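Student: To be precise about what I am sending: the file is called entry.tsv and holds TSV, N, CA and C atoms.
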chain	number	residue	atom	x	y	z
B	126	MET	N	-15.46	-6.26	-15.52
B	126	MET	CA	-15.85	-5.59	-14.31
B	126	MET	C	-16.54	-4.29	-14.71
B	127	LEU	N	-17.67	-4.06	-14.09
B	127	LEU	CA	-18.43	-2.85	-14.36
B	127	LEU	C	-17.87	-1.69	-13.54
B	128	PRO	N	-18.20	-0.45	-13.92
B	128	PRO	CA	-17.69	0.71	-13.17
B	128	PRO	C	-18.04	0.68	-11.69
B	129	ASP	N	-19.14	0.01	-11.33
B	129	ASP	CA	-19.53	-0.04	-9.92
B	129	ASP	C	-18.79	-1.15	-9.16
B	130	GLY	N	-17.88	-1.86	-9.84
B	130	GLY	CA	-17.10	-2.90	-9.19
B	130	GLY	C	-17.70	-4.29	-9.30
B	131	LYS	N	-18.87	-4.39	-9.87
B	131	LYS	CA	-19.54	-5.68	-10.00
B	131	LYS	C	-18.86	-6.48	-11.11
B	132	VAL	N	-18.60	-7.76	-10.82
B	132	VAL	CA	-17.94	-8.62	-11.79
B	132	VAL	C	-19.02	-9.36	-12.58
B	133	VAL	N	-18.92	-9.29	-13.91
B	133	VAL	CA	-19.90	-9.96	-14.77
B	133	VAL	C	-19.17	-10.80	-15.81
B	134	GLU	N	-19.87	-11.78	-16.32
B	134	GLU	CA	-19.36	-12.60	-17.42
B	134	GLU	C	-20.03	-12.10	-18.69
B	135	VAL	N	-19.23	-11.84	-19.72
B	135	VAL	CA	-19.77	-11.40	-21.00
B	135	VAL	C	-19.99	-12.66	-21.84
B	136	LEU	N	-21.24	-12.87	-22.26
B	136	LEU	CA	-21.60	-14.05	-23.04
B	136	LEU	C	-21.32	-13.83	-24.52
B	137	ASN	N	-21.38	-14.91	-25.30
B	137	ASN	CA	-21.08	-14.83	-26.74
B	137	ASN	C	-21.97	-13.83	-27.48
B	138	ASP	N	-23.21	-13.69	-27.02
B	138	ASP	CA	-24.12	-12.77	-27.70
B	138	ASP	C	-23.93	-11.31	-27.25
B	139	GLY	N	-22.95	-11.07	-26.37
B	139	GLY	CA	-22.68	-9.72	-25.90
B	139	GLY	C	-23.41	-9.34	-24.63
B	140	SER	N	-24.34	-10.17	-24.21
B	140	SER	CA	-25.04	-9.86	-22.96
B	140	SER	C	-24.15	-10.20	-21.77
B	141	GLU	N	-24.57	-9.73	-20.62
B	141	GLU	CA	-23.78	-9.93	-19.40
B	141	GLU	C	-24.62	-10.68	-18.38
B	142	GLN	N	-23.93	-11.48	-17.59
B	142	GLN	CA	-24.60	-12.11	-16.46
B	142	GLN	C	-23.69	-11.99	-15.25
B	143	PRO	N	-24.27	-11.81	-14.07
B	143	PRO	CA	-23.44	-11.66	-12.86
B	143	PRO	C	-22.53	-12.87	-12.68
B	144	PHE	N	-21.32	-12.60	-12.29
B	144	PHE	CA	-20.38	-13.67	-12.00
B	144	PHE	C	-20.72	-14.21	-10.62
B	145	PRO	N	-20.67	-15.52	-10.42
B	145	PRO	CA	-21.06	-16.06	-9.11
B	145	PRO	C	-20.14	-15.56	-8.00
B	146	ASP	N	-20.73	-15.31	-6.83
B	146	ASP	CA	-19.95	-14.87	-5.67
B	146	ASP	C	-19.09	-16.01	-5.14
B	147	ALA	N	-19.63	-17.23	-5.21
B	147	ALA	CA	-18.92	-18.39	-4.68
B	147	ALA	C	-17.88	-18.85	-5.70
B	148	PRO	N	-16.81	-19.50	-5.23
B	148	PRO	CA	-15.83	-20.03	-6.17
B	148	PRO	C	-16.50	-21.03	-7.11
B	149	LEU	N	-15.96	-21.12	-8.32
B	149	LEU	CA	-16.54	-22.05	-9.28
B	149	LEU	C	-16.47	-23.49	-8.77
B	150	ARG	N	-15.36	-23.82	-8.16
B	150	ARG	CA	-15.22	-25.15	-7.58
B	150	ARG	C	-14.47	-24.97	-6.27
B	151	PRO	N	-15.15	-25.24	-5.15
B	151	PRO	CA	-14.45	-25.08	-3.87
B	151	PRO	C	-13.19	-25.95	-3.82
B	152	MET	N	-12.11	-25.36	-3.32
B	152	MET	CA	-10.84	-26.09	-3.23
B	152	MET	C	-10.30	-26.00	-1.81
B	153	SER	N	-9.65	-27.06	-1.39
B	153	SER	CA	-8.99	-27.04	-0.09
B	153	SER	C	-7.68	-26.27	-0.22
B	154	ASP	N	-7.08	-25.91	0.90
B	154	ASP	CA	-5.79	-25.22	0.86
B	154	ASP	C	-4.74	-26.07	0.17
B	155	LYS	N	-4.78	-27.37	0.41
B	155	LYS	CA	-3.82	-28.28	-0.21
B	155	LYS	C	-3.99	-28.28	-1.73
B	156	GLU	N	-5.24	-28.31	-2.20
B	156	GLU	CA	-5.51	-28.28	-3.64
B	156	GLU	C	-5.04	-26.95	-4.25
B	157	ILE	N	-5.28	-25.88	-3.55
B	157	ILE	CA	-4.85	-24.56	-4.04
B	157	ILE	C	-3.33	-24.53	-4.20
B	158	ASN	N	-2.60	-24.99	-3.18
B	158	ASN	CA	-1.13	-25.01	-3.25
B	158	ASN	C	-0.64	-25.91	-4.36
B	159	THR	N	-1.26	-27.08	-4.53
B	159	THR	CA	-0.86	-28.01	-5.59
B	159	THR	C	-1.07	-27.38	-6.96
B	160	GLU	N	-2.22	-26.76	-7.16
B	160	GLU	CA	-2.52	-26.12	-8.45
B	160	GLU	C	-1.58	-24.94	-8.71
B	161	ALA	N	-1.30	-24.17	-7.67
B	161	ALA	CA	-0.41	-23.02	-7.84
B	161	ALA	C	0.99	-23.47	-8.24
B	162	LYS	N	1.48	-24.54	-7.62
B	162	LYS	CA	2.82	-25.04	-7.95
B	162	LYS	C	2.87	-25.64	-9.35
B	163	ALA	N	1.73	-26.12	-9.85
B	163	ALA	CA	1.67	-26.72	-11.18
B	163	ALA	C	1.63	-25.67	-12.29
B	164	ASP	N	1.34	-24.42	-11.95
B	164	ASP	CA	1.25	-23.35	-12.95
B	164	ASP	C	2.66	-22.89	-13.32
B	165	VAL	N	3.11	-23.22	-14.53
B	165	VAL	CA	4.47	-22.90	-14.95
B	165	VAL	C	4.73	-21.39	-15.04
B	166	ASP	N	3.67	-20.61	-15.18
B	166	ASP	CA	3.83	-19.15	-15.28
B	166	ASP	C	3.86	-18.47	-13.93
B	167	ALA	N	3.65	-19.21	-12.86
B	167	ALA	CA	3.58	-18.59	-11.54
B	167	ALA	C	4.35	-19.41	-10.50
B	168	GLN	N	5.55	-19.78	-10.83
B	168	GLN	CA	6.36	-20.57	-9.92
B	168	GLN	C	6.88	-19.69	-8.78
B	169	PRO	N	6.99	-20.26	-7.57
B	169	PRO	CA	7.54	-19.47	-6.47
B	169	PRO	C	9.00	-19.13	-6.75
B	170	MET	N	9.43	-18.01	-6.25
B	170	MET	CA	10.80	-17.57	-6.47
B	170	MET	C	11.74	-18.28	-5.51
B	171	THR	N	12.94	-18.52	-5.99
B	171	THR	CA	13.98	-19.12	-5.15
B	171	THR	C	14.54	-18.03	-4.24
B	172	PRO	N	15.21	-18.42	-3.15
B	172	PRO	CA	15.82	-17.41	-2.29
B	172	PRO	C	16.79	-16.49	-3.05
B	173	ASP	N	17.54	-17.04	-4.01
B	173	ASP	CA	18.45	-16.20	-4.80
B	173	ASP	C	17.69	-15.21	-5.67
B	174	GLU	N	16.57	-15.64	-6.24
B	174	GLU	CA	15.75	-14.74	-7.06
B	174	GLU	C	15.14	-13.64	-6.20
B	175	LEU	N	14.71	-14.00	-5.00
B	175	LEU	CA	14.12	-13.01	-4.10
B	175	LEU	C	15.11	-11.90	-3.73
B	176	LYS	N	16.39	-12.27	-3.63
B	176	LYS	CA	17.42	-11.27	-3.29
B	176	LYS	C	17.58	-10.22	-4.38
B	177	THR	N	17.27	-10.56	-5.63
B	177	THR	CA	17.48	-9.64	-6.74
B	177	THR	C	16.22	-8.85	-7.12
B	178	VAL	N	15.11	-9.15	-6.47
B	178	VAL	CA	13.86	-8.48	-6.80
B	178	VAL	C	13.91	-7.02	-6.35
B	179	ARG	N	13.43	-6.15	-7.21
B	179	ARG	CA	13.33	-4.74	-6.84
B	179	ARG	C	12.06	-4.54	-6.04
B	180	ARG	N	12.23	-4.21	-4.80
B	180	ARG	CA	11.08	-4.02	-3.93
B	180	ARG	C	10.57	-2.58	-4.02
B	181	ILE	N	9.25	-2.43	-3.99
B	181	ILE	CA	8.65	-1.10	-3.97
B	181	ILE	C	8.58	-0.67	-2.51
B	182	PRO	N	9.20	0.45	-2.17
B	182	PRO	CA	9.16	0.90	-0.78
B	182	PRO	C	7.73	1.08	-0.29
B	183	ARG	N	7.50	0.74	0.95
B	183	ARG	CA	6.16	0.79	1.53
B	183	ARG	C	5.57	2.19	1.47
B	184	VAL	N	6.40	3.20	1.66
B	184	VAL	CA	5.88	4.56	1.65
B	184	VAL	C	5.28	4.89	0.29
B	185	LYS	N	5.86	4.38	-0.78
B	185	LYS	CA	5.32	4.64	-2.11
B	185	LYS	C	3.95	3.97	-2.27
B	186	THR	N	3.83	2.76	-1.73
B	186	THR	CA	2.56	2.05	-1.79
B	186	THR	C	1.49	2.82	-1.01
B	187	ILE	N	1.84	3.32	0.16
B	187	ILE	CA	0.90	4.09	0.99
B	187	ILE	C	0.47	5.34	0.23
B	188	ARG	N	1.45	6.06	-0.32
B	188	ARG	CA	1.14	7.31	-1.01
B	188	ARG	C	0.24	7.06	-2.22
B	189	ARG	N	0.55	6.03	-2.98
B	189	ARG	CA	-0.27	5.73	-4.15
B	189	ARG	C	-1.68	5.32	-3.75
B	190	ALA	N	-1.79	4.56	-2.66
B	190	ALA	CA	-3.13	4.15	-2.19
B	190	ALA	C	-3.95	5.37	-1.80
B	191	LEU	N	-3.29	6.40	-1.29
B	191	LEU	CA	-3.98	7.64	-0.92
B	191	LEU	C	-4.30	8.49	-2.15
B	192	GLY	N	-3.65	8.18	-3.27
B	192	GLY	CA	-3.92	8.92	-4.51
B	192	GLY	C	-3.39	10.34	-4.49
B	193	ILE	N	-2.23	10.54	-3.83
B	193	ILE	CA	-1.67	11.88	-3.75
B	193	ILE	C	-0.24	11.88	-4.29
B	194	THR	N	0.22	13.07	-4.66
B	194	THR	CA	1.57	13.23	-5.21
B	194	THR	C	2.59	13.20	-4.07
B	195	GLN	N	3.86	13.09	-4.47
B	195	GLN	CA	4.92	13.18	-3.47
B	195	GLN	C	4.86	14.50	-2.72
B	196	GLU	N	4.63	15.57	-3.47
B	196	GLU	CA	4.58	16.90	-2.85
B	196	GLU	C	3.44	16.99	-1.83
B	197	GLU	N	2.28	16.45	-2.20
B	197	GLU	CA	1.13	16.48	-1.30
B	197	GLU	C	1.39	15.63	-0.05
B	198	PHE	N	1.96	14.45	-0.24
B	198	PHE	CA	2.26	13.58	0.90
B	198	PHE	C	3.24	14.26	1.85
B	199	ALA	N	4.31	14.83	1.26
B	199	ALA	CA	5.33	15.49	2.07
B	199	ALA	C	4.72	16.63	2.90
B	200	ALA	N	3.91	17.45	2.26
B	200	ALA	CA	3.30	18.58	2.96
B	200	ALA	C	2.29	18.11	4.00
B	201	ARG	N	1.47	17.16	3.63
B	201	ARG	CA	0.40	16.69	4.51
B	201	ARG	C	0.93	16.04	5.78
B	202	TYR	N	2.01	15.25	5.63
B	202	TYR	CA	2.52	14.47	6.78
B	202	TYR	C	3.85	14.98	7.31
B	203	HIS	N	4.23	16.20	6.92
B	203	HIS	CA	5.42	16.88	7.45
B	203	HIS	C	6.69	16.05	7.26
B	204	VAL	N	6.87	15.55	6.05
B	204	VAL	CA	8.07	14.79	5.69
B	204	VAL	C	8.82	15.61	4.64
B	205	PRO	N	10.11	15.83	4.82
B	205	PRO	CA	10.84	16.57	3.79
B	205	PRO	C	10.73	15.87	2.44
B	206	LEU	N	10.45	16.64	1.40
B	206	LEU	CA	10.23	16.08	0.07
B	206	LEU	C	11.43	15.27	-0.41
B	207	GLY	N	12.63	15.76	-0.20
B	207	GLY	CA	13.83	15.04	-0.62
B	207	GLY	C	13.96	13.70	0.08
B	208	THR	N	13.61	13.68	1.36
B	208	THR	CA	13.65	12.43	2.13
B	208	THR	C	12.65	11.44	1.59
B	209	LEU	N	11.44	11.91	1.31
B	209	LEU	CA	10.40	11.05	0.75
B	209	LEU	C	10.87	10.46	-0.58
B	210	ARG	N	11.44	11.29	-1.42
B	210	ARG	CA	11.93	10.80	-2.72
B	210	ARG	C	13.04	9.77	-2.54
B	211	ASP	N	13.93	10.01	-1.59
B	211	ASP	CA	14.99	9.03	-1.32
B	211	ASP	C	14.40	7.70	-0.89
B	212	TRP	N	13.39	7.73	-0.02
B	212	TRP	CA	12.75	6.48	0.41
B	212	TRP	C	12.12	5.77	-0.78
B	213	GLU	N	11.36	6.52	-1.57
B	213	GLU	CA	10.64	5.91	-2.69
B	213	GLU	C	11.57	5.36	-3.75
B	214	GLN	N	12.72	5.96	-3.92
B	214	GLN	CA	13.66	5.50	-4.94
B	214	GLN	C	14.67	4.50	-4.40
B	215	GLY	N	14.50	4.13	-3.12
B	215	GLY	CA	15.35	3.10	-2.53
B	215	GLY	C	16.75	3.55	-2.18
B	216	ARG	N	17.01	4.86	-2.20
B	216	ARG	CA	18.34	5.35	-1.85
B	216	ARG	C	18.58	5.25	-0.34
B	217	THR	N	17.54	5.48	0.43
B	217	THR	CA	17.61	5.32	1.88
B	217	THR	C	16.33	4.65	2.34
B	218	GLU	N	16.34	4.19	3.58
B	218	GLU	CA	15.15	3.57	4.16
B	218	GLU	C	14.78	4.31	5.43
B	219	PRO	N	13.47	4.38	5.72
B	219	PRO	CA	13.05	5.03	6.96
B	219	PRO	C	13.58	4.27	8.17
B	220	ASP	N	13.94	5.01	9.23
B	220	ASP	CA	14.37	4.35	10.46
B	220	ASP	C	13.15	3.79	11.18
B	221	GLN	N	13.37	3.09	12.29
B	221	GLN	CA	12.28	2.41	12.99
B	221	GLN	C	11.17	3.36	13.45
B	222	PRO	N	11.47	4.49	14.08
B	222	PRO	CA	10.37	5.39	14.47
B	222	PRO	C	9.57	5.89	13.27
B	223	THR	N	10.25	6.15	12.16
B	223	THR	CA	9.56	6.61	10.97
B	223	THR	C	8.69	5.51	10.38
B	224	ARG	N	9.18	4.25	10.43
B	224	ARG	CA	8.36	3.14	9.95
B	224	ARG	C	7.10	3.03	10.79
B	225	ALA	N	7.22	3.27	12.09
B	225	ALA	CA	6.04	3.25	12.96
B	225	ALA	C	5.08	4.37	12.56
B	226	TYR	N	5.61	5.55	12.29
B	226	TYR	CA	4.80	6.68	11.85
B	226	TYR	C	4.08	6.35	10.54
B	227	LEU	N	4.80	5.73	9.60
B	227	LEU	CA	4.18	5.35	8.33
B	227	LEU	C	3.08	4.30	8.53
B	228	THR	N	3.26	3.43	9.51
B	228	THR	CA	2.22	2.44	9.82
B	228	THR	C	0.96	3.14	10.32
B	229	VAL	N	1.14	4.15	11.16
B	229	VAL	CA	-0.01	4.91	11.66
B	229	VAL	C	-0.70	5.63	10.50
B	230	ILE	N	0.08	6.22	9.61
B	230	ILE	CA	-0.50	6.88	8.44
B	230	ILE	C	-1.29	5.89	7.60
B	231	ALA	N	-0.74	4.68	7.41
B	231	ALA	CA	-1.42	3.67	6.60
B	231	ALA	C	-2.75	3.27	7.22
B	232	HIS	N	-2.82	3.23	8.55
B	232	HIS	CA	-4.05	2.80	9.22
B	232	HIS	C	-5.08	3.91	9.36
B	233	ASP	N	-4.62	5.15	9.51
B	233	ASP	CA	-5.57	6.25	9.70
B	233	ASP	C	-5.01	7.54	9.10
B	234	PRO	N	-4.94	7.61	7.77
B	234	PRO	CA	-4.33	8.78	7.15
B	234	PRO	C	-5.03	10.09	7.48
B	235	GLU	N	-6.35	10.07	7.53
B	235	GLU	CA	-7.08	11.31	7.83
B	235	GLU	C	-6.90	11.72	9.28
B	236	GLY	N	-6.85	10.75	10.18
B	236	GLY	CA	-6.62	11.06	11.60
B	236	GLY	C	-5.27	11.71	11.82
B	237	VAL	N	-4.24	11.19	11.16
B	237	VAL	CA	-2.90	11.77	11.28
B	237	VAL	C	-2.90	13.18	10.70
B	238	TYR	N	-3.54	13.34	9.55
B	238	TYR	CA	-3.60	14.65	8.92
B	238	TYR	C	-4.28	15.66	9.84
B	239	ARG	N	-5.42	15.27	10.42
B	239	ARG	CA	-6.14	16.17	11.34
B	239	ARG	C	-5.28	16.51	12.55
B	240	ALA	N	-4.62	15.50	13.11
B	240	ALA	CA	-3.79	15.74	14.29
B	240	ALA	C	-2.65	16.71	13.97
B	241	LEU	N	-2.06	16.57	12.81
B	241	LEU	CA	-0.96	17.46	12.44
B	241	LEU	C	-1.43	18.87	12.15
B	242	GLN	N	-2.66	19.03	11.70
B	242	GLN	CA	-3.19	20.38	11.44
B	242	GLN	C	-3.36	21.15	12.74
B	243	HIS	N	-3.64	20.44	13.81
B	243	HIS	CA	-3.91	21.10	15.09
B	243	HIS	C	-2.67	21.18	15.97
B	244	SER	N	-1.56	20.66	15.51
B	244	SER	CA	-0.36	20.68	16.34
B	244	SER	C	0.52	21.85	15.95
B	245	GLN	N	0.51	22.84	16.76
B	245	GLN	CA	1.39	23.99	16.57
B	245	GLN	C	2.38	23.96	17.73
B	246	PRO	N	3.63	23.66	17.44
B	246	PRO	CA	4.59	23.62	18.54
B	246	PRO	C	4.66	24.98	19.24
B	247	THR	N	4.63	24.92	20.54
B	247	THR	CA	4.74	26.15	21.32
B	247	THR	C	6.03	26.12	22.10
B	248	ILE	N	6.68	27.25	22.19
B	248	ILE	CA	7.92	27.36	22.94
B	248	ILE	C	7.60	28.16	24.19
B	249	LYS	N	7.80	27.51	25.30
B	249	LYS	CA	7.55	28.19	26.57
B	249	LYS	C	8.89	28.61	27.17
B	250	GLN	N	8.94	29.83	27.57
B	250	GLN	CA	10.17	30.31	28.19
B	250	GLN	C	10.09	30.06	29.68
B	251	ASN	N	11.23	29.75	30.25
B	251	ASN	CA	11.26	29.54	31.70
B	251	ASN	C	10.96	30.85	32.41
B	252	GLN	N	10.07	30.76	33.33
B	252	GLN	CA	9.71	31.95	34.10
B	252	GLN	C	10.26	31.81	35.51
B	253	ALA	N	10.84	32.87	36.00
B	253	ALA	CA	11.37	32.85	37.36
B	253	ALA	C	10.21	32.84	38.34
B	254	VAL	N	10.35	32.02	39.36
B	254	VAL	CA	9.29	31.93	40.36
B	254	VAL	C	9.69	32.65	41.61
As structure tokens - that is how I would like this structure written.

Tutor:
Amino acid sequence: MLPDGKVVEVLNDGSEQPFPDAPLRPMSDKEINTEAKADVDAQPMTPDELKTVRRIPRVKTIRRALGITQEEFAARYHVPLGTLRDWEQGRTEPDQPTRAYLTVIAHDPEGVYRALQHSQPTIKQNQAV
């Protein structure tokens, strides 16, 4: 793969040729599933194996996709750093409203950031009428 993302095939003489955009051999979904199951190095996991898999918390995936540190994510999206670390290390999980918030961040991180920059909570005192 070239730095610009273009996929090329390197030939024996060292030259490169563009890799075809189309699949080498079109396959039906049934053929794909059959071939995948035949690959001994990529067998589907059993339900028992799935239970033991270490899952990467979604918040960590979102943060990494944004290319920012835990500290930057915490500051940018107003999440306590310790809480973020707990989520990422699997010690705790975000509750349902927080998962919804993380979904919004995943879909529009800059929009959430802009909205939070302009939100200054104001405290209004009751005025006698």

Student: With a cut-off of 8 Å, could you pull out the residues of region 140-215 of chain B touching region 220-236 of chain B and give me the nearest pair of atoms for each, distance in Å to one decimal, using all atoms listed in the file, ordered by chain and ascending number, as a tab-separated table?

Tutor:
residue	atom	partner	partner_atom	distance
B:Arg183	C	B:Leu227	CA	7.7
B:Val184	CA	B:Leu227	CA	6.9
B:Ile187	CA	B:Ala231	CA	6.1
B:Arg188	N	B:Ala231	CA	7.9

Student: What are the centre and edge lengths in Å, to one decimal, of the axis-aligned box around all listed atoms of region 174-186 of chain B with 6 Å added on each side, as lines of an AutoDock Vina configuration file?

Tutor:
center_x = 9.5
center_y = -5.4
center_z = -2.8
size_x = 28.1
size_y = 32.5
size_z = 20.9

Student: Identify, on the basis of only C-alpha atoms, every residue whose closest approach to Thr208 (chain B) does not exceed 12 Å; exclude the query and any residue fewer than 2 positions from it along the same chain; express the result as an mmCIF file with N, CA and C atoms, in the frame of the given file.

Tutor:
data_model
loop_
_atom_site.group_PDB
_atom_site.id
_atom_site.type_symbol
_atom_site.label_atom_id
_atom_site.label_comp_id
_atom_site.auth_asym_id
_atom_site.auth_seq_id
_atom_site.Cartn_x
_atom_site.Cartn_y
_atom_site.Cartn_z
ATOM 1 N N VAL B 184 6.400 3.200 1.660
ATOM 2 C CA VAL B 184 5.880 4.560 1.650
ATOM 3 C C VAL B 184 5.280 4.890 0.290
ATOM 4 N N GLN B 195 3.860 13.090 -4.470
ATOM 5 C CA GLN B 195 4.920 13.180 -3.470
ATOM 6 C C GLN B 195 4.860 14.500 -2.720
ATOM 7 N N GLU B 196 4.630 15.570 -3.470
ATOM 8 C CA GLU B 196 4.580 16.900 -2.850
ATOM 9 C C GLU B 196 3.440 16.990 -1.830
ATOM 10 N N PHE B 198 1.960 14.450 -0.240
ATOM 11 C CA PHE B 198 2.260 13.580 0.900
ATOM 12 C C PHE B 198 3.240 14.260 1.850
ATOM 13 N N ALA B 199 4.310 14.830 1.260
ATOM 14 C CA ALA B 199 5.330 15.490 2.070
ATOM 15 C C ALA B 199 4.720 16.630 2.900
ATOM 16 N N HIS B 203 4.230 16.200 6.920
ATOM 17 C CA HIS B 203 5.420 16.880 7.450
ATOM 18 C C HIS B 203 6.690 16.050 7.260
ATOM 19 N N VAL B 204 6.870 15.550 6.050
ATOM 20 C CA VAL B 204 8.070 14.790 5.690
ATOM 21 C C VAL B 204 8.820 15.610 4.640
ATOM 22 N N PRO B 205 10.110 15.830 4.820
ATOM 23 C CA PRO B 205 10.840 16.570 3.790
ATOM 24 C C PRO B 205 10.730 15.870 2.440
ATOM 25 N N LEU B 206 10.450 16.640 1.400
ATOM 26 C CA LEU B 206 10.230 16.080 0.070
ATOM 27 C C LEU B 206 11.430 15.270 -0.410
ATOM 28 N N ARG B 210 11.440 11.290 -1.420
ATOM 29 C CA ARG B 210 11.930 10.800 -2.720
ATOM 30 C C ARG B 210 13.040 9.770 -2.540
ATOM 31 N N ASP B 211 13.930 10.010 -1.590
ATOM 32 C CA ASP B 211 14.990 9.030 -1.320
ATOM 33 C C ASP B 211 14.400 7.700 -0.890
ATOM 34 N N TRP B 212 13.390 7.730 -0.020
ATOM 35 C CA TRP B 212 12.750 6.480 0.410
ATOM 36 C C TRP B 212 12.120 5.770 -0.780
ATOM 37 N N GLU B 213 11.360 6.520 -1.570
ATOM 38 C CA GLU B 213 10.640 5.910 -2.690
ATOM 39 C C GLU B 213 11.570 5.360 -3.750
ATOM 40 N N GLN B 214 12.720 5.960 -3.920
ATOM 41 C CA GLN B 214 13.660 5.500 -4.940
ATOM 42 C C GLN B 214 14.670 4.500 -4.400
ATOM 43 N N GLY B 215 14.500 4.130 -3.120
ATOM 44 C CA GLY B 215 15.350 3.100 -2.530
ATOM 45 C C GLY B 215 16.750 3.550 -2.180
ATOM 46 N N ARG B 216 17.010 4.860 -2.200
ATOM 47 C CA ARG B 216 18.340 5.350 -1.850
ATOM 48 C C ARG B 216 18.580 5.250 -0.340
ATOM 49 N N THR B 217 17.540 5.480 0.430
ATOM 50 C CA THR B 217 17.610 5.320 1.880
ATOM 51 C C THR B 217 16.330 4.650 2.340
ATOM 52 N N GLU B 218 16.340 4.190 3.580
ATOM 53 C CA GLU B 218 15.150 3.570 4.160
ATOM 54 C C GLU B 218 14.780 4.310 5.430
ATOM 55 N N PRO B 219 13.470 4.380 5.720
ATOM 56 C CA PRO B 219 13.050 5.030 6.960
ATOM 57 C C PRO B 219 13.580 4.270 8.170
ATOM 58 N N ASP B 220 13.940 5.010 9.230
ATOM 59 C CA ASP B 220 14.370 4.350 10.460
ATOM 60 C C ASP B 220 13.150 3.790 11.180
ATOM 61 N N THR B 223 10.250 6.150 12.160
ATOM 62 C CA THR B 223 9.560 6.610 10.970
ATOM 63 C C THR B 223 8.690 5.510 10.380
#

Student: Please report the interatomic distance between atom N of Glu160 (chain B) and atom C of Leu136 (chain B) in Å with one decimal.

Tutor: 28.9 Å

Student: From a DSSP calculation on the backbone, collect every residue of chain B in alpha helix (DSSP H) and output the set as a VMD selection string.

Tutor: chain B and resid 154 to 163 172 to 177 183 to 191 195 to 201 206 to 213 221 to 232 234 to 242

Student: When you draw a straight line from CA of Thr171 (chain B) to atom C of Thr186 (chain B), how long is it in Å?

Tutor: 25.6 Å

Student: Quick one: pull the distance between atom C of Ser153 (chain B) and CA of Asp173 (chain B), Å, one decimal.

Tutor: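 Between atom C of Ser153 (chain B) and CA of Asp173 (chain B) the gap is 28.4 Å.
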
Student: Check chain B with DSSP on the backbone and list each residue it calls strand (DSSP E), as number ranges by chain.

Tutor: B: 133-135, 141-143

Student: Give me the residues within 8 Å of Val133 (chain B) as an NGL selection string, counting all atoms listed in the file and dropping any in the same chain fewer than 4 places off.

Tutor: :B and (126-127 or 140-145)
